[in-house]
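Trainee: Below: one structure in C-alpha cells.
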Amino acid sequence: MSPRARALLILAAIAFACALPLFLSNFRLFQFTQVYIYAIALLGLNMLTGYNGQFSLGHGAFYAIGAYVAAIMMDQWGIDYGWTLPAAAMVCFAAGFLFGLPALRLEGLYLALATFSLALAAPQVLKYFEHWTGGSMGLVLTKPDAPFGLPLNPDQWLYFLTLAVLVLLFWLAMNLLSGRIGRALVSIRDNHMAAQAMGINTALYKTLAFGVSSAYTGVAGALSAIAIAYVSPDSFSFILSITLLIGVVIGGLASIPGAIYGALFIQFVPNWAQDISKAAPGAIFGVFLILFMFFMPNGIAGAVRLVAGRFSRRR
C-alpha cells in the first residue's frame, strides 16, 4: 500500500470513529471508549513484547498505577482530570524504567515470571495503602462534563477525549518505531549479540522500551479510571495482564494497527461468549481463541496484510 493510500485510509478511519456518536447509544459509546483505552495499553505492551522481544505478564500493574494516580489526584487532591494523564505517564515511565533495570538480567520465561509476580502483588499493595487508595472499597469518582459549553454528555465527551489521546499516542508510536529507535528495538529482539556488536546500547534501549511501554499502559489506566469513574484493587488482578497479552497476540505482534484489532477482540468477544453460553462463557471464549490462532497464526493484522497483498497482486 502506498503512503498516500495509507494516509487516506487512516483519515477515513478517524472520520468514521468521529461519526459513531451520531448512531450509538451511550452504553455502546462507553464500550468503544474502552476499546480505545485497551488499544493504548496494547500498543504499549506491543512495543515491549512485539518490537523488543521482552515477554511481560505484569502490565496490569502499570495499568493499575495509572488508574490510581488519576483517581488520587482527582479525588483527594482536587486536580483537574486533564493533568492526570501526563502525571500517570511520568509515574509509570519511572516505575517501568526502574523495573526494567533488574529485568535486564532476565529473559524469556524468567522475565515472564518476574513480571507475573508484579501483577500478583499489585492488588495487595493497593489494599495496604488504604488511606490513599480506599482499600478494598476503592475510590468513587465523578465523570467530567464537556468543557467550553460543548453540547456533549459525559460519555460522548470522554469518547472524543479518548479518541484524541489514542490518535496522538499512535502517531507518536509510528514515528518512534519507524525511526532509528524502532530499528534498534527490532534488532535487539532478532539477535541480541549482533545488535550489541553493531554498537547498539542494548541495556539502554531495553530499559527505555520498558519505560515507554509502561507509560502508554499508565495513560490507558488513567483514562479507564476517568471513564468508569471508579477504581478498586480487585479490578486489576493478574487476569487483566493475561487479557492484555491475549489482545497483543490476537491483534498481531509488532503491528501498530494490531492494537486496535486486539482491543476489539478483548472488549467484545467475551461478551459474545457470555451471550452464547451463560453456563460456560470461559469455554466459549477459549474456543474463539483457538479458532483465531488456528486460522490467523500471525494475528488479525497479519491476516489483513495477507488479504490486502493478494488483492493488490490481482489488481
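Ligands are numbered from 1 in the order shown, residues from 1 within each chain, and chains are lettered A, B, ... in the order they appear in the C-alpha cells.
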If we count only C-alpha atoms, what is near Leu29 (chain A) at a cut-off of 9 Å, once residues fewer than 3 positions away on the same chain are taken out, given as JSON, numbers by chain?
Mentor: {"A": [20, 21, 24, 25, 26, 32, 33, 34, 155, 156, 159]}
Trainee: Among region 37-140 of chain A, which residues carry a DSSP assignment of alpha helix (DSSP H), reported as an mmCIF file with N, CA and C atoms, in the first residue's frame?
Mentor:
```
data_model
loop_
_atom_site.group_PDB
_atom_site.id
_atom_site.type_symbol
_atom_site.label_atom_id
_atom_site.label_comp_id
_atom_site.auth_asym_id
_atom_site.auth_seq_id
_atom_site.Cartn_x
_atom_site.Cartn_y
_atom_site.Cartn_z
ATOM 1 N N ILE A 37 -9.208 2.663 24.957
ATOM 2 C CA ILE A 37 -8.331 2.583 26.129
ATOM 3 C C ILE A 37 -7.493 1.311 26.065
ATOM 4 N N TYR A 38 -8.125 0.181 25.754
ATOM 5 C CA TYR A 38 -7.378 -1.064 25.622
ATOM 6 C C TYR A 38 -6.347 -0.973 24.496
ATOM 7 N N ALA A 39 -6.701 -0.295 23.404
ATOM 8 C CA ALA A 39 -5.783 -0.174 22.276
ATOM 9 C C ALA A 39 -4.503 0.556 22.686
ATOM 10 N N ILE A 40 -4.632 1.589 23.519
ATOM 11 C CA ILE A 40 -3.443 2.299 24.008
ATOM 12 C C ILE A 40 -2.575 1.372 24.843
ATOM 13 N N ALA A 41 -3.207 0.614 25.745
ATOM 14 C CA ALA A 41 -2.451 -0.321 26.582
ATOM 15 C C ALA A 41 -1.794 -1.410 25.744
ATOM 16 N N LEU A 42 -2.515 -1.928 24.757
ATOM 17 C CA LEU A 42 -1.964 -2.987 23.912
ATOM 18 C C LEU A 42 -0.806 -2.481 23.065
ATOM 19 N N LEU A 43 -0.906 -1.243 22.587
ATOM 20 C CA LEU A 43 0.205 -0.684 21.825
ATOM 21 C C LEU A 43 1.447 -0.571 22.693
ATOM 22 N N GLY A 44 1.260 -0.141 23.947
ATOM 23 C CA GLY A 44 2.391 -0.079 24.854
ATOM 24 C C GLY A 44 3.019 -1.441 25.087
ATOM 25 N N LEU A 45 2.200 -2.448 25.337
ATOM 26 C CA LEU A 45 2.725 -3.793 25.550
ATOM 27 C C LEU A 45 3.363 -4.351 24.285
ATOM 28 N N ASN A 46 2.808 -4.006 23.121
ATOM 29 C CA ASN A 46 3.368 -4.490 21.859
ATOM 30 C C ASN A 46 4.743 -3.901 21.595
ATOM 31 N N HIS A 59 1.768 -6.181 32.950
ATOM 32 C CA HIS A 59 1.392 -4.820 32.590
ATOM 33 C C HIS A 59 0.075 -4.381 33.216
ATOM 34 N N GLY A 60 -0.684 -5.319 33.752
ATOM 35 C CA GLY A 60 -1.865 -4.930 34.511
ATOM 36 C C GLY A 60 -1.497 -4.086 35.725
ATOM 37 N N ALA A 61 -0.281 -4.288 36.274
ATOM 38 C CA ALA A 61 0.171 -3.497 37.419
ATOM 39 C C ALA A 61 0.378 -2.034 37.018
ATOM 40 N N PHE A 62 0.966 -1.788 35.848
ATOM 41 C CA PHE A 62 1.164 -0.413 35.395
ATOM 42 C C PHE A 62 -0.176 0.234 35.025
ATOM 43 N N TYR A 63 -1.087 -0.563 34.507
ATOM 44 C CA TYR A 63 -2.453 -0.094 34.244
ATOM 45 C C TYR A 63 -3.098 0.371 35.554
ATOM 46 N N ALA A 64 -2.901 -0.402 36.615
ATOM 47 C CA ALA A 64 -3.451 -0.047 37.922
ATOM 48 C C ALA A 64 -2.787 1.203 38.487
ATOM 49 N N ILE A 65 -1.471 1.314 38.314
ATOM 50 C CA ILE A 65 -0.771 2.503 38.816
ATOM 51 C C ILE A 65 -1.306 3.759 38.135
ATOM 52 N N GLY A 66 -1.469 3.699 36.811
ATOM 53 C CA GLY A 66 -2.011 4.845 36.095
ATOM 54 C C GLY A 66 -3.412 5.203 36.551
ATOM 55 N N ALA A 67 -4.231 4.182 36.778
ATOM 56 C CA ALA A 67 -5.606 4.423 37.226
ATOM 57 C C ALA A 67 -5.627 5.076 38.595
ATOM 58 N N TYR A 68 -4.783 4.604 39.508
ATOM 59 C CA TYR A 68 -4.797 5.163 40.860
ATOM 60 C C TYR A 68 -4.130 6.530 40.932
ATOM 61 N N VAL A 69 -3.158 6.788 40.064
ATOM 62 C CA VAL A 69 -2.601 8.141 40.005
ATOM 63 C C VAL A 69 -3.694 9.134 39.638
ATOM 64 N N ALA A 70 -4.490 8.789 38.617
ATOM 65 C CA ALA A 70 -5.591 9.660 38.203
ATOM 66 C C ALA A 70 -6.641 9.782 39.308
ATOM 67 N N ALA A 71 -7.012 8.660 39.914
ATOM 68 C CA ALA A 71 -8.068 8.676 40.932
ATOM 69 C C ALA A 71 -7.653 9.475 42.156
ATOM 70 N N ILE A 72 -6.426 9.299 42.633
ATOM 71 C CA ILE A 72 -5.968 10.016 43.825
ATOM 72 C C ILE A 72 -5.856 11.509 43.542
ATOM 73 N N MET A 73 -5.333 11.865 42.375
ATOM 74 C CA MET A 73 -5.213 13.285 42.032
ATOM 75 C C MET A 73 -6.583 13.953 41.939
ATOM 76 N N MET A 74 -7.562 13.257 41.387
ATOM 77 C CA MET A 74 -8.894 13.841 41.231
ATOM 78 C C MET A 74 -9.678 13.844 42.544
ATOM 79 N N ASP A 75 -9.639 12.712 43.270
ATOM 80 C CA ASP A 75 -10.495 12.545 44.444
ATOM 81 C C ASP A 75 -9.931 13.233 45.691
ATOM 82 N N TYR A 81 -8.881 16.557 35.795
ATOM 83 C CA TYR A 81 -8.574 15.258 35.183
ATOM 84 C C TYR A 81 -7.585 15.356 34.026
ATOM 85 N N GLY A 82 -7.533 16.503 33.344
ATOM 86 C CA GLY A 82 -6.612 16.646 32.224
ATOM 87 C C GLY A 82 -5.157 16.508 32.622
ATOM 88 N N TRP A 83 -4.823 16.930 33.851
ATOM 89 C CA TRP A 83 -3.434 16.837 34.314
ATOM 90 C C TRP A 83 -3.058 15.426 34.759
ATOM 91 N N THR A 84 -4.053 14.582 34.966
ATOM 92 C CA THR A 84 -3.744 13.237 35.451
ATOM 93 C C THR A 84 -3.100 12.366 34.370
ATOM 94 N N LEU A 85 -3.367 12.661 33.103
ATOM 95 C CA LEU A 85 -2.816 11.831 32.030
ATOM 96 C C LEU A 85 -1.298 11.963 31.922
ATOM 97 N N PRO A 86 -0.738 13.183 31.820
ATOM 98 C CA PRO A 86 0.730 13.255 31.811
ATOM 99 C C PRO A 86 1.356 12.795 33.120
ATOM 100 N N ALA A 87 0.653 13.014 34.236
ATOM 101 C CA ALA A 87 1.194 12.550 35.520
ATOM 102 C C ALA A 87 1.273 11.028 35.556
ATOM 103 N N ALA A 88 0.210 10.358 35.097
ATOM 104 C CA ALA A 88 0.218 8.894 35.051
ATOM 105 C C ALA A 88 1.309 8.384 34.118
ATOM 106 N N ALA A 89 1.509 9.070 32.992
ATOM 107 C CA ALA A 89 2.556 8.661 32.056
ATOM 108 C C ALA A 89 3.932 8.760 32.695
ATOM 109 N N MET A 90 4.198 9.860 33.398
ATOM 110 C CA MET A 90 5.519 10.050 34.001
ATOM 111 C C MET A 90 5.763 9.060 35.138
ATOM 112 N N VAL A 91 4.747 8.864 35.994
ATOM 113 C CA VAL A 91 4.913 7.931 37.115
ATOM 114 C C VAL A 91 5.147 6.510 36.591
ATOM 115 N N CYS A 92 4.369 6.101 35.609
ATOM 116 C CA CYS A 92 4.506 4.744 35.077
ATOM 117 C C CYS A 92 5.788 4.580 34.267
ATOM 118 N N PHE A 93 6.228 5.641 33.595
ATOM 119 C CA PHE A 93 7.522 5.569 32.896
ATOM 120 C C PHE A 93 8.639 5.323 33.906
ATOM 121 N N ALA A 94 8.617 6.074 35.007
ATOM 122 C CA ALA A 94 9.646 5.895 36.037
ATOM 123 C C ALA A 94 9.579 4.487 36.632
ATOM 124 N N ALA A 95 8.358 4.022 36.927
ATOM 125 C CA ALA A 95 8.208 2.682 37.508
ATOM 126 C C ALA A 95 8.678 1.606 36.524
ATOM 127 N N GLY A 96 8.297 1.740 35.258
ATOM 128 C CA GLY A 96 8.716 0.760 34.262
ATOM 129 C C GLY A 96 10.212 0.785 34.024
ATOM 130 N N PHE A 97 10.789 1.979 33.977
ATOM 131 C CA PHE A 97 12.238 2.095 33.761
ATOM 132 C C PHE A 97 13.001 1.457 34.912
ATOM 133 N N LEU A 98 12.569 1.734 36.148
ATOM 134 C CA LEU A 98 13.245 1.166 37.318
ATOM 135 C C LEU A 98 13.082 -0.349 37.367
ATOM 136 N N PHE A 99 11.886 -0.845 36.988
ATOM 137 C CA PHE A 99 11.701 -2.304 36.964
ATOM 138 C C PHE A 99 12.520 -2.920 35.829
ATOM 139 N N GLY A 100 12.699 -2.180 34.750
ATOM 140 C CA GLY A 100 13.461 -2.707 33.626
ATOM 141 C C GLY A 100 14.944 -2.884 33.911
ATOM 142 N N LEU A 101 15.484 -2.143 34.892
ATOM 143 C CA LEU A 101 16.908 -2.266 35.203
ATOM 144 C C LEU A 101 17.274 -3.651 35.729
ATOM 145 N N PRO A 102 16.615 -4.153 36.792
ATOM 146 C CA PRO A 102 16.936 -5.533 37.208
ATOM 147 C C PRO A 102 16.459 -6.579 36.207
ATOM 148 N N ALA A 103 15.443 -6.234 35.413
ATOM 149 C CA ALA A 103 14.933 -7.190 34.428
ATOM 150 C C ALA A 103 15.924 -7.429 33.292
ATOM 151 N N GLY A 108 13.130 -14.350 28.520
ATOM 152 C CA GLY A 108 12.209 -15.455 28.278
ATOM 153 C C GLY A 108 11.270 -15.712 29.430
ATOM 154 N N LEU A 109 11.194 -16.987 29.831
ATOM 155 C CA LEU A 109 10.263 -17.386 30.880
ATOM 156 C C LEU A 109 10.595 -16.766 32.229
ATOM 157 N N TYR A 110 11.876 -16.512 32.489
ATOM 158 C CA TYR A 110 12.266 -15.919 33.768
ATOM 159 C C TYR A 110 11.752 -14.483 33.873
ATOM 160 N N LEU A 111 11.828 -13.742 32.774
ATOM 161 C CA LEU A 111 11.270 -12.388 32.761
ATOM 162 C C LEU A 111 9.753 -12.437 32.896
ATOM 163 N N ALA A 112 9.127 -13.406 32.241
ATOM 164 C CA ALA A 112 7.668 -13.544 32.332
ATOM 165 C C ALA A 112 7.246 -13.808 33.774
ATOM 166 N N LEU A 113 7.974 -14.663 34.484
ATOM 167 C CA LEU A 113 7.643 -14.962 35.880
ATOM 168 C C LEU A 113 7.855 -13.746 36.766
ATOM 169 N N ALA A 114 8.923 -12.981 36.511
ATOM 170 C CA ALA A 114 9.182 -11.785 37.315
ATOM 171 C C ALA A 114 8.069 -10.754 37.136
ATOM 172 N N THR A 115 7.650 -10.543 35.899
ATOM 173 C CA THR A 115 6.572 -9.579 35.659
ATOM 174 C C THR A 115 5.236 -10.114 36.175
ATOM 175 N N PHE A 116 5.044 -11.433 36.121
ATOM 176 C CA PHE A 116 3.811 -12.017 36.648
ATOM 177 C C PHE A 116 3.704 -11.806 38.154
ATOM 178 N N SER A 117 4.831 -11.871 38.840
ATOM 179 C CA SER A 117 4.814 -11.599 40.283
ATOM 180 C C SER A 117 4.401 -10.155 40.549
ATOM 181 N N LEU A 118 4.765 -9.249 39.654
ATOM 182 C CA LEU A 118 4.338 -7.856 39.785
ATOM 183 C C LEU A 118 2.818 -7.739 39.663
ATOM 184 N N ALA A 119 2.256 -8.465 38.714
ATOM 185 C CA ALA A 119 0.793 -8.444 38.544
ATOM 186 C C ALA A 119 0.083 -9.032 39.755
ATOM 187 N N LEU A 120 0.653 -10.069 40.355
ATOM 188 C CA LEU A 120 0.040 -10.682 41.534
ATOM 189 C C LEU A 120 0.123 -9.772 42.754
ATOM 190 N N ALA A 121 1.227 -9.032 42.883
ATOM 191 C CA ALA A 121 1.438 -8.222 44.081
ATOM 192 C C ALA A 121 0.667 -6.914 44.051
ATOM 193 N N ALA A 122 0.420 -6.371 42.858
ATOM 194 C CA ALA A 122 -0.165 -5.029 42.748
ATOM 195 C C ALA A 122 -1.481 -4.867 43.510
ATOM 196 N N PRO A 123 -2.474 -5.770 43.353
ATOM 197 C CA PRO A 123 -3.731 -5.571 44.091
ATOM 198 C C PRO A 123 -3.557 -5.575 45.605
ATOM 199 N N GLN A 124 -2.663 -6.421 46.114
ATOM 200 C CA GLN A 124 -2.451 -6.487 47.559
ATOM 201 C C GLN A 124 -1.767 -5.225 48.077
ATOM 202 N N VAL A 125 -0.832 -4.706 47.318
ATOM 203 C CA VAL A 125 -0.151 -3.471 47.720
ATOM 204 C C VAL A 125 -1.141 -2.308 47.738
ATOM 205 N N LEU A 126 -2.029 -2.269 46.747
ATOM 206 C CA LEU A 126 -3.019 -1.192 46.694
ATOM 207 C C LEU A 126 -3.965 -1.246 47.886
ATOM 208 N N LYS A 127 -4.310 -2.439 48.326
ATOM 209 C CA LYS A 127 -5.175 -2.570 49.501
ATOM 210 C C LYS A 127 -4.470 -2.139 50.781
ATOM 211 N N TYR A 128 -3.156 -2.273 50.817
ATOM 212 C CA TYR A 128 -2.406 -1.952 52.027
ATOM 213 C C TYR A 128 -2.423 -0.447 52.312
ATOM 214 N N GLU A 130 -4.469 1.987 52.422
ATOM 215 C CA GLU A 130 -5.903 2.280 52.443
ATOM 216 C C GLU A 130 -6.186 3.775 52.499
ATOM 217 N N HIS A 131 -5.326 4.536 53.152
ATOM 218 C CA HIS A 131 -5.548 5.972 53.274
ATOM 219 C C HIS A 131 -5.576 6.646 51.903
ATOM 220 N N TRP A 132 -4.736 6.162 50.978
ATOM 221 C CA TRP A 132 -4.646 6.756 49.645
ATOM 222 C C TRP A 132 -5.604 6.102 48.665
ATOM 223 N N THR A 133 -5.703 4.780 48.722
ATOM 224 C CA THR A 133 -6.409 4.038 47.676
ATOM 225 C C THR A 133 -7.841 3.655 48.039
#
```
Trainee: What separation in Å, quoted to one decimal, exists between CA of Ser235 (chain A) and CA of Leu223 (chain A)?
Mentor: 14.3 Å
Trainee: Excluding region 294-308 of chain A and any residue of its chain fewer than 6 positions from it, enumerate the residues within 12 Å of it, using only C-alpha atoms, and give them as a ChimeraX atom specification.
Mentor: /A:1,6,50,246-265,287-288,314-315
Trainee: Skip Ile14 (chain A) itself and residues of its chain fewer than 6 positions away, then list as a VMD selection string all residues within 10 Å of it, counting only C-alpha atoms.
Mentor: chain A and resid 8 163 to 164 167
Trainee: Using only C-alpha atoms for the distances, tell me which of A:Arg189, A:Arg183, A:Arg313, A:Lys143 is nearest to Tyr230 (chain A).
Mentor: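 Nearest candidate to Tyr230 (chain A) out of A:Arg189, A:Arg183, A:Arg313, A:Lys143: A:Lys143.
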Trainee: Return the single residue from A:Phe148, A:Tyr216, A:Phe236, A:Trp77 that is closest to Leu166 (chain A), with distances computed using only C-alpha atoms.
Mentor: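 Using only C-alpha atoms, the shortest distance to Leu166 (chain A) belongs to A:Tyr216.
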